[in-house]
$ cat target_35.cif   # mmCIF, C-alpha atoms
data_structure
#
loop_
_atom_site.group_PDB
_atom_site.id
_atom_site.type_symbol
_atom_site.label_atom_id
_atom_site.label_comp_id
_atom_site.auth_asym_id
_atom_site.auth_seq_id
_atom_site.Cartn_x
_atom_site.Cartn_y
_atom_site.Cartn_z
ATOM 1 C CA MET F 20 0.000 0.000 0.000
ATOM 2 C CA PRO F 21 1.399 3.437 -0.874
ATOM 3 C CA GLU F 22 2.517 5.311 2.215
ATOM 4 C CA GLY F 23 2.499 8.974 3.129
ATOM 5 C CA ASP F 24 5.547 9.925 1.101
ATOM 6 C CA THR F 25 4.178 8.295 -2.076
ATOM 7 C CA VAL F 26 0.769 9.888 -1.607
ATOM 8 C CA LEU F 27 2.436 13.273 -1.132
ATOM 9 C CA GLN F 28 4.374 12.848 -4.378
ATOM 10 C CA THR F 29 1.149 11.868 -6.171
ATOM 11 C CA ALA F 30 -0.614 14.948 -4.780
ATOM 12 C CA ARG F 31 2.211 17.190 -5.956
ATOM 13 C CA ARG F 32 2.061 15.751 -9.487
ATOM 14 C CA LEU F 33 -1.714 16.127 -9.652
ATOM 15 C CA HIS F 34 -1.564 19.650 -8.270
ATOM 16 C CA THR F 35 1.090 20.689 -10.791
ATOM 17 C CA ALA F 36 -0.912 19.215 -13.662
ATOM 18 C CA LEU F 37 -4.404 20.392 -12.739
ATOM 19 C CA ALA F 38 -4.460 23.260 -10.266
ATOM 20 C CA GLY F 39 -5.438 26.638 -11.655
ATOM 21 C CA HIS F 40 -7.002 25.183 -14.795
ATOM 22 C CA PRO F 41 -10.672 24.561 -15.664
ATOM 23 C CA LEU F 42 -11.664 20.989 -16.306
ATOM 24 C CA THR F 43 -12.458 20.228 -19.927
ATOM 25 C CA ARG F 44 -13.312 16.613 -19.161
ATOM 26 C CA CYS F 45 -14.704 14.817 -16.113
ATOM 27 C CA ASP F 46 -15.652 11.157 -16.058
ATOM 28 C CA LEU F 47 -16.258 9.461 -12.690
ATOM 29 C CA ARG F 48 -16.804 5.778 -13.351
ATOM 30 C CA VAL F 49 -18.481 4.948 -10.075
ATOM 31 C CA PRO F 50 -22.222 4.228 -10.226
ATOM 32 C CA ARG F 51 -23.072 6.749 -7.516
ATOM 33 C CA TYR F 52 -21.359 9.586 -9.409
ATOM 34 C CA ALA F 53 -21.855 8.457 -13.002
ATOM 35 C CA THR F 54 -23.862 11.581 -13.800
ATOM 36 C CA ALA F 55 -21.650 14.016 -11.871
ATOM 37 C CA ASP F 56 -19.960 16.516 -14.161
ATOM 38 C CA LEU F 57 -17.262 18.917 -12.978
ATOM 39 C CA THR F 58 -16.518 20.214 -16.470
ATOM 40 C CA GLY F 59 -15.908 23.959 -16.468
ATOM 41 C CA ARG F 60 -14.918 24.097 -12.800
ATOM 42 C CA THR F 61 -11.375 25.174 -11.990
ATOM 43 C CA VAL F 62 -9.230 22.832 -9.915
ATOM 44 C CA LEU F 63 -8.142 24.784 -6.841
ATOM 45 C CA ASP F 64 -5.642 22.388 -5.284
ATOM 46 C CA VAL F 65 -4.785 18.763 -4.611
ATOM 47 C CA THR F 66 -3.992 18.148 -0.957
ATOM 48 C CA PRO F 67 -2.748 14.954 0.695
ATOM 49 C CA ARG F 68 -3.996 13.995 4.148
ATOM 50 C CA GLY F 69 -2.186 10.932 5.409
ATOM 51 C CA LYS F 70 -2.906 8.365 2.691
ATOM 52 C CA HIS F 71 -5.928 10.260 1.351
ATOM 53 C CA LEU F 72 -6.043 12.620 -1.635
ATOM 54 C CA LEU F 73 -8.366 15.619 -1.681
ATOM 55 C CA THR F 74 -8.869 17.273 -5.089
ATOM 56 C CA ARG F 75 -10.723 20.528 -4.483
ATOM 57 C CA VAL F 76 -12.596 22.228 -7.302
ATOM 58 C CA GLU F 77 -14.437 25.483 -7.750
ATOM 59 C CA GLY F 78 -17.887 25.587 -6.224
ATOM 60 C CA GLY F 79 -16.978 24.027 -2.883
ATOM 61 C CA LEU F 80 -16.580 20.424 -4.045
ATOM 62 C CA THR F 81 -13.878 17.877 -3.215
ATOM 63 C CA LEU F 82 -13.080 14.622 -4.997
ATOM 64 C CA HIS F 83 -11.782 12.254 -2.322
ATOM 65 C CA SER F 84 -9.682 9.268 -3.370
ATOM 66 C CA HIS F 85 -7.597 6.633 -1.621
ATOM 67 C CA LEU F 86 -5.111 4.363 -3.398
ATOM 68 C CA ARG F 87 -5.046 1.484 -0.897
ATOM 69 C CA MET F 88 -3.167 -1.466 -2.395
ATOM 70 C CA ASP F 89 -3.426 -1.097 -6.161
ATOM 71 C CA GLY F 90 -4.777 2.345 -6.959
ATOM 72 C CA ALA F 91 -2.804 4.905 -8.963
ATOM 73 C CA TRP F 92 -3.193 8.294 -10.581
ATOM 74 C CA GLN F 93 -1.374 8.736 -13.885
ATOM 75 C CA ILE F 94 -0.919 11.995 -15.765
ATOM 76 C CA TYR F 95 -0.760 12.238 -19.557
ATOM 77 C CA ALA F 96 -0.067 14.959 -22.114
ATOM 78 C CA PRO F 97 -2.447 15.476 -25.066
ATOM 79 C CA GLY F 98 -2.069 12.605 -27.525
ATOM 80 C CA GLU F 99 0.028 10.511 -25.147
ATOM 81 C CA ARG F 100 -0.930 6.854 -24.897
ATOM 82 C CA TRP F 101 -2.483 5.872 -21.573
ATOM 83 C CA ARG F 102 -0.481 3.065 -19.990
ATOM 84 C CA GLY F 103 -1.866 2.651 -16.459
ATOM 85 C CA GLY F 104 -3.921 -0.442 -17.199
ATOM 86 C CA PRO F 105 -6.893 -1.664 -19.233
ATOM 87 C CA ALA F 106 -9.821 0.691 -19.762
ATOM 88 C CA HIS F 107 -12.111 -1.266 -17.433
ATOM 89 C CA GLN F 108 -9.802 -0.392 -14.514
ATOM 90 C CA ILE F 109 -10.241 3.355 -14.979
ATOM 91 C CA ARG F 110 -12.326 4.913 -12.219
ATOM 92 C CA ALA F 111 -11.803 8.637 -12.869
ATOM 93 C CA ILE F 112 -10.696 10.975 -15.641
ATOM 94 C CA LEU F 113 -9.975 14.646 -14.939
ATOM 95 C CA GLY F 114 -8.795 16.557 -17.983
ATOM 96 C CA THR F 115 -7.636 20.104 -18.667
ATOM 97 C CA ALA F 116 -6.429 21.656 -21.900
ATOM 98 C CA GLY F 117 -2.866 20.632 -21.139
ATOM 99 C CA ARG F 118 -3.008 17.465 -19.025
ATOM 100 C CA THR F 119 -5.260 14.524 -18.232
ATOM 101 C CA ALA F 120 -5.209 12.731 -14.886
ATOM 102 C CA VAL F 121 -6.468 9.159 -14.980
ATOM 103 C CA GLY F 122 -7.270 7.226 -11.805
ATOM 104 C CA TYR F 123 -6.811 3.468 -12.087
ATOM 105 C CA ARG F 124 -8.206 0.832 -9.696
ATOM 106 C CA LEU F 125 -9.256 3.421 -7.125
ATOM 107 C CA PRO F 126 -11.088 1.538 -4.366
ATOM 108 C CA VAL F 127 -12.282 4.789 -2.771
ATOM 109 C CA LEU F 128 -13.680 7.584 -4.903
ATOM 110 C CA GLU F 129 -16.340 9.972 -3.669
ATOM 111 C CA LEU F 130 -17.522 13.484 -4.344
ATOM 112 C CA LEU F 131 -18.429 15.612 -1.351
ATOM 113 C CA ARG F 132 -18.756 19.177 -0.213
ATOM 114 C CA THR F 133 -15.400 20.642 0.761
ATOM 115 C CA ARG F 134 -16.909 21.724 4.060
ATOM 116 C CA ASP F 135 -17.627 18.042 4.778
ATOM 117 C CA GLU F 136 -14.042 16.782 4.331
ATOM 118 C CA ALA F 137 -13.835 16.038 8.046
ATOM 119 C CA ARG F 138 -16.283 13.222 7.431
ATOM 120 C CA VAL F 139 -13.606 11.279 5.538
ATOM 121 C CA VAL F 140 -10.342 12.510 7.101
ATOM 122 C CA GLY F 141 -11.372 14.020 10.434
ATOM 123 C CA HIS F 142 -10.555 10.809 12.292
ATOM 124 C CA LEU F 143 -6.893 10.903 11.269
ATOM 125 C CA GLY F 144 -4.110 11.717 13.686
ATOM 126 C CA PRO F 145 -1.419 14.326 12.973
ATOM 127 C CA ASP F 146 -0.069 13.968 9.437
ATOM 128 C CA LEU F 147 3.657 13.169 9.485
ATOM 129 C CA LEU F 148 4.164 15.151 6.274
ATOM 130 C CA GLY F 149 1.406 17.701 6.698
ATOM 131 C CA PRO F 150 1.199 21.240 8.053
ATOM 132 C CA ASP F 151 -0.780 19.968 11.056
ATOM 133 C CA TRP F 152 2.072 17.777 12.305
ATOM 134 C CA ASP F 153 2.095 17.796 16.119
ATOM 135 C CA PRO F 154 4.576 15.341 17.681
ATOM 136 C CA ASP F 155 3.185 15.806 21.198
ATOM 137 C CA GLU F 156 -0.349 14.967 20.060
ATOM 138 C CA ALA F 157 0.902 11.976 18.067
ATOM 139 C CA LEU F 158 2.761 10.679 21.121
ATOM 140 C CA ARG F 159 -0.280 11.208 23.326
ATOM 141 C CA ARG F 160 -2.420 9.157 20.960
ATOM 142 C CA LEU F 161 0.161 6.391 20.650
ATOM 143 C CA LEU F 162 0.462 6.037 24.435
ATOM 144 C CA ALA F 163 -3.288 6.143 25.080
ATOM 145 C CA ASP F 164 -3.271 2.318 25.021
ATOM 146 C CA PRO F 165 0.095 1.318 26.562
ATOM 147 C CA ALA F 166 -0.587 -2.411 26.131
ATOM 148 C CA ARG F 167 -1.001 -2.141 22.378
ATOM 149 C CA PRO F 168 1.777 -3.710 20.252
ATOM 150 C CA LEU F 169 4.111 -1.140 18.784
ATOM 151 C CA GLY F 170 3.588 -2.105 15.142
ATOM 152 C CA GLU F 171 -0.183 -2.086 15.483
ATOM 153 C CA ALA F 172 -0.161 1.346 17.146
ATOM 154 C CA LEU F 173 1.991 2.785 14.365
ATOM 155 C CA LEU F 174 -0.312 1.468 11.649
ATOM 156 C CA ASP F 175 -3.413 2.980 13.240
ATOM 157 C CA GLN F 176 -4.000 6.148 11.203
ATOM 158 C CA ARG F 177 -5.945 7.622 14.139
ATOM 159 C CA ASN F 178 -2.652 7.935 16.020
ATOM 160 C CA LEU F 179 -0.509 9.440 13.285
ATOM 161 C CA ALA F 180 -1.269 9.539 9.591
ATOM 162 C CA GLY F 181 0.945 8.328 6.764
ATOM 163 C CA ILE F 182 2.618 5.151 8.026
ATOM 164 C CA GLY F 183 2.108 1.769 6.360
ATOM 165 C CA ASN F 184 3.832 -1.604 6.567
ATOM 166 C CA ILE F 185 7.147 -0.353 5.245
ATOM 167 C CA PHE F 186 7.652 2.502 7.643
ATOM 168 C CA ALA F 187 6.127 0.643 10.584
ATOM 169 C CA SER F 188 8.870 -1.998 10.294
ATOM 170 C CA GLU F 189 11.549 0.624 9.659
ATOM 171 C CA THR F 190 10.436 2.776 12.593
ATOM 172 C CA CYS F 191 10.487 -0.228 14.922
ATOM 173 C CA PHE F 192 14.031 -0.960 13.773
ATOM 174 C CA ARG F 193 15.074 2.623 14.471
ATOM 175 C CA ALA F 194 13.525 2.331 17.930
ATOM 176 C CA GLY F 195 15.344 -0.954 18.637
ATOM 177 C CA ALA F 196 12.095 -2.764 19.419
ATOM 178 C CA THR F 197 10.111 -5.551 17.780
ATOM 179 C CA PRO F 198 6.652 -4.740 16.410
ATOM 180 C CA TRP F 199 5.115 -6.870 19.193
ATOM 181 C CA LEU F 200 6.533 -4.885 22.121
ATOM 182 C CA PRO F 201 3.759 -3.127 24.081
ATOM 183 C CA ILE F 202 4.250 0.532 23.328
ATOM 184 C CA GLY F 203 4.063 1.412 27.010
ATOM 185 C CA GLU F 204 7.253 -0.593 27.601
ATOM 186 C CA LEU F 205 9.258 1.313 25.008
ATOM 187 C CA PRO F 206 12.009 3.444 26.568
ATOM 188 C CA ALA F 207 11.969 7.102 25.460
ATOM 189 C CA PRO F 208 8.859 6.715 23.237
ATOM 190 C CA GLU F 209 9.269 10.297 22.003
ATOM 191 C CA ARG F 210 12.187 9.019 19.925
ATOM 192 C CA LEU F 211 9.749 6.752 18.091
ATOM 193 C CA VAL F 212 7.782 9.742 16.831
ATOM 194 C CA THR F 213 10.972 11.505 15.777
ATOM 195 C CA ALA F 214 12.189 8.390 13.946
ATOM 196 C CA ALA F 215 8.904 8.039 12.053
ATOM 197 C CA LYS F 216 8.977 11.689 11.032
ATOM 198 C CA ASN F 217 12.601 11.533 9.902
ATOM 199 C CA LEU F 218 12.003 8.395 7.844
ATOM 200 C CA LEU F 219 9.096 9.830 5.896
ATOM 201 C CA GLU F 220 10.862 13.154 5.427
ATOM 202 C CA ALA F 221 13.935 11.408 4.010
ATOM 203 C CA HIS F 222 11.901 9.318 1.583
ATOM 204 C CA ARG F 223 9.787 12.274 0.551
ATOM 205 C CA GLU F 224 12.901 14.107 -0.591
ATOM 206 C CA ARG F 225 14.535 11.005 -2.073
ATOM 207 C CA PRO F 226 11.751 8.744 -3.424
ATOM 208 C CA GLY F 227 14.195 6.135 -4.792
ATOM 209 C CA HIS F 228 15.926 5.719 -1.441
ATOM 210 C CA ARG F 229 13.789 2.713 -0.478
ATOM 211 C CA ARG F 230 16.354 0.334 -1.913
ATOM 212 C CA THR F 231 18.415 0.910 1.257
ATOM 213 C CA LEU F 232 15.656 0.043 3.723
ATOM 214 C CA ALA F 233 17.087 -1.556 6.839
ATOM 215 C CA VAL F 234 14.650 -4.442 7.348
ATOM 216 C CA TYR F 235 11.530 -4.257 5.199
ATOM 217 C CA GLY F 236 11.582 -6.795 2.360
ATOM 218 C CA ARG F 237 14.932 -8.195 3.531
ATOM 219 C CA ALA F 238 13.802 -11.545 5.005
ATOM 220 C CA ASP F 239 16.756 -13.942 5.475
ATOM 221 C CA ARG F 240 19.198 -11.293 4.266
ATOM 222 C CA PRO F 241 21.844 -9.935 6.665
ATOM 223 C CA CYS F 242 21.010 -6.945 8.814
ATOM 224 C CA LEU F 243 22.837 -3.889 7.510
ATOM 225 C CA ARG F 244 23.982 -3.116 11.060
ATOM 226 C CA CYS F 245 24.911 -6.461 12.652
ATOM 227 C CA ARG F 246 24.710 -8.995 9.758
ATOM 228 C CA THR F 247 22.140 -11.171 11.581
ATOM 229 C CA PRO F 248 19.514 -12.566 9.148
ATOM 230 C CA ILE F 249 16.346 -10.481 9.083
ATOM 231 C CA ARG F 250 13.169 -12.300 10.107
ATOM 232 C CA THR F 251 9.601 -11.820 8.959
ATOM 233 C CA ALA F 252 6.166 -12.852 10.209
ATOM 234 C CA LEU F 253 2.582 -11.772 9.829
ATOM 235 C CA HIS F 254 1.438 -9.138 12.283
ATOM 236 C CA ASP F 255 -2.307 -8.581 12.304
ATOM 237 C CA GLY F 256 -2.409 -10.077 8.807
ATOM 238 C CA ARG F 257 0.392 -7.877 7.452
ATOM 239 C CA PRO F 258 4.084 -8.709 6.966
ATOM 240 C CA ALA F 259 6.442 -7.347 9.604
ATOM 241 C CA TYR F 260 10.233 -7.472 9.460
ATOM 242 C CA TRP F 261 12.760 -7.220 12.272
ATOM 243 C CA CYS F 262 16.325 -7.967 13.267
ATOM 244 C CA PRO F 263 16.408 -10.452 16.171
ATOM 245 C CA ARG F 264 19.665 -8.975 17.453
ATOM 246 C CA CYS F 265 19.155 -5.232 17.030
ATOM 247 C CA GLN F 266 15.538 -5.223 18.203
ATOM 248 C CA SER F 267 14.372 -6.384 21.610
ATOM 249 C CA GLY F 268 10.917 -7.480 22.680
ATOM 250 C CA PRO F 269 8.476 -10.335 22.083
ATOM 251 C CA THR F 270 8.253 -12.170 18.773
ATOM 252 C CA PRO F 271 5.742 -14.654 17.336
#
$ encode --input "target_35.cif" --output "structure tokens"
Amino acid sequence: MPEGDTVLQTARRLHTALAGHPLTRCDLRVPRYATADLTGRTVLDVTPRGKHLLTRVEGGLTLHSHLRMDGAWQIYAPGERWRGGPAHQIRAILGTAGRTAVGYRLPVLELLRTRDEARVVGHLGPDLLGPDWDPDEALRRLLADPARPLGEALLDQRNLAGIGNIFASETCFRAGATPWLPIGELPAPERLVTAAKNLLEAHRERPGHRRTLAVYGRADRPCLRCRTPIRTALHDGRPAYWCPRCQSGPTP
């Protein structure tokens, strides 16, 4: 699933392509909005909120989308061949005179009043890459349930928004704890919040940097720090990775 840094990059590309321009084409291929037409309305901005994308248009409307596992927004120039997948996977087309944004396999797509955005993103905790970032509030939310496993607490978007499987495993590694350690037992938990923020900031500025991840996707390969083989197991149905030497705490 795309994480906060990827969603931010997608929002920036969409904003650059669409913002400030009137829509010359709008096709929302979701039964509920099949007759909705935003043609003629100017795109005001595209804003990320955690893993959510909010495309705001003139007239107080917002197109809310979420990529989840397989969704993607692709941007094409006039006459360019669309390559994001077969036509039946297209869920949204937003076109201007100079660019066309095509949403493929979007599992969440809804049109709402901009004033009602809190209905879809109001539950989220502080956004690690957003202007509302508040480390003290994020830490307060994380520690509200001290018995909760660290990895599970990090993945809960109500605590802090933008972390997925990749950065949950990487943040646990930075904190020196396994994903199963109760968060209340973590020494200096404020460092956890700082580590999560630093990780997403680094990958936001260097999107290709994921090839040097410390543990995620490195099962049975040597730890970059101590050379111990990295282990993996399912945690709440999702893959978690950890170094059995560098990280302390319970394991499956």
$ residues_around --input "target_35.cif" --residues "range 145-161 of chain F" --least-positions-apart "6" --cutoff "7 Å" --atoms "all atoms listed in the file" --output "PyMOL selection string"
chain F and resi 68-69+172+178-181+209+212+216
$ resolve_selection --input "target_35.cif" --expression "the PyMOL selection byres ((chain F and resi 98) around 12)" --output "list in words"
Ile94, Tyr95, Ala96, Pro97, Glu99, Arg100, Trp101, Ala116, Gly117, Arg118 and Thr119 of chain F
$ closest_residue --input "target_35.cif" --among "F:Leu243, F:Leu33, F:Leu72, F:Leu162" --to "Gln93 in chain F" --atoms "only C-alpha atoms"
F:Leu33
$ closest_residue --input "target_35.cif" --among "F:Thr270, F:Thr133, F:Gln176, F:Thr231" --to "Thr197 in chain F" --atoms "all atoms listed in the file"
F:Thr270
$ resolve_selection --input "target_35.cif" --expression "the PyMOL selection byres ((chain F and resi 115) around 12)" --output "PyMOL selection string"
chain F and resi 33+35-45+57-62+94-97+112-114+116-121
$ resolve_selection --input "target_35.cif" --expression "the PyMOL selection byres ((chain F and resi 203) around 12)" --output "count of residues only"
25
$ closest_residue --input "target_35.cif" --among "F:Ala215, F:Tyr123, F:Gly78, F:Val234" --to "His107 in chain F" --atoms "only C-alpha atoms"
F:Tyr123
$ residues_around --input "target_35.cif" --residues "Gln108 in chain F" --least-positions-apart "2" --cutoff "10 Å" --atoms "all atoms listed in the file" --output "PyMOL selection string"
chain F and resi 48+90+103-106+110-111+122-125
$ axis_aligned_box --input "target_35.cif" --around "range 172-191 of chain F" --padding-each-side "8 Å" --output "lines of an AutoDock Vina configuration file"
center_x = 2.8
center_y = 3.8
center_z = 11.2
size_x = 33.5
size_y = 27.5
size_z = 27.9
$ atom_distance --input "target_35.cif" --atom1 "CA of Arg177 in chain F" --atom2 "CA of Tyr52 in chain F"
28.2 Å
$ closest_residue --input "target_35.cif" --among "F:Thr81, F:Thr190, F:Thr54, F:Asn217" --to "Tyr260 in chain F" --atoms "all atoms listed in the file"
F:Thr190
$ atom_distance --input "target_35.cif" --atom1 "CA of Thr251 in chain F" --atom2 "CA of Gly23 in chain F"
22.7 Å
$ closest_residue --input "target_35.cif" --among "F:Arg102, F:Arg32, F:His83, F:Arg250" --to "Arg132 in chain F" --atoms "only C-alpha atoms"
F:His83
$ decode --input "target_35.cif" --residues "range 161-187 of chain F" --atoms "C-alpha atoms" --output "mmCIF file, in the first residue's frame"
data_model
loop_
_atom_site.group_PDB
_atom_site.id
_atom_site.type_symbol
_atom_site.label_atom_id
_atom_site.label_comp_id
_atom_site.auth_asym_id
_atom_site.auth_seq_id
_atom_site.Cartn_x
_atom_site.Cartn_y
_atom_site.Cartn_z
ATOM 1 C CA LEU F 161 0.161 6.391 20.650
ATOM 2 C CA LEU F 162 0.462 6.037 24.435
ATOM 3 C CA ALA F 163 -3.288 6.143 25.080
ATOM 4 C CA ASP F 164 -3.271 2.318 25.021
ATOM 5 C CA PRO F 165 0.095 1.318 26.562
ATOM 6 C CA ALA F 166 -0.587 -2.411 26.131
ATOM 7 C CA ARG F 167 -1.001 -2.141 22.378
ATOM 8 C CA PRO F 168 1.777 -3.710 20.252
ATOM 9 C CA LEU F 169 4.111 -1.140 18.784
ATOM 10 C CA GLY F 170 3.588 -2.105 15.142
ATOM 11 C CA GLU F 171 -0.183 -2.086 15.483
ATOM 12 C CA ALA F 172 -0.161 1.346 17.146
ATOM 13 C CA LEU F 173 1.991 2.785 14.365
ATOM 14 C CA LEU F 174 -0.312 1.468 11.649
ATOM 15 C CA ASP F 175 -3.413 2.980 13.240
ATOM 16 C CA GLN F 176 -4.000 6.148 11.203
ATOM 17 C CA ARG F 177 -5.945 7.622 14.139
ATOM 18 C CA ASN F 178 -2.652 7.935 16.020
ATOM 19 C CA LEU F 179 -0.509 9.440 13.285
ATOM 20 C CA ALA F 180 -1.269 9.539 9.591
ATOM 21 C CA GLY F 181 0.945 8.328 6.764
ATOM 22 C CA ILE F 182 2.618 5.151 8.026
ATOM 23 C CA GLY F 183 2.108 1.769 6.360
ATOM 24 C CA ASN F 184 3.832 -1.604 6.567
ATOM 25 C CA ILE F 185 7.147 -0.353 5.245
ATOM 26 C CA PHE F 186 7.652 2.502 7.643
ATOM 27 C CA ALA F 187 6.127 0.643 10.584
#
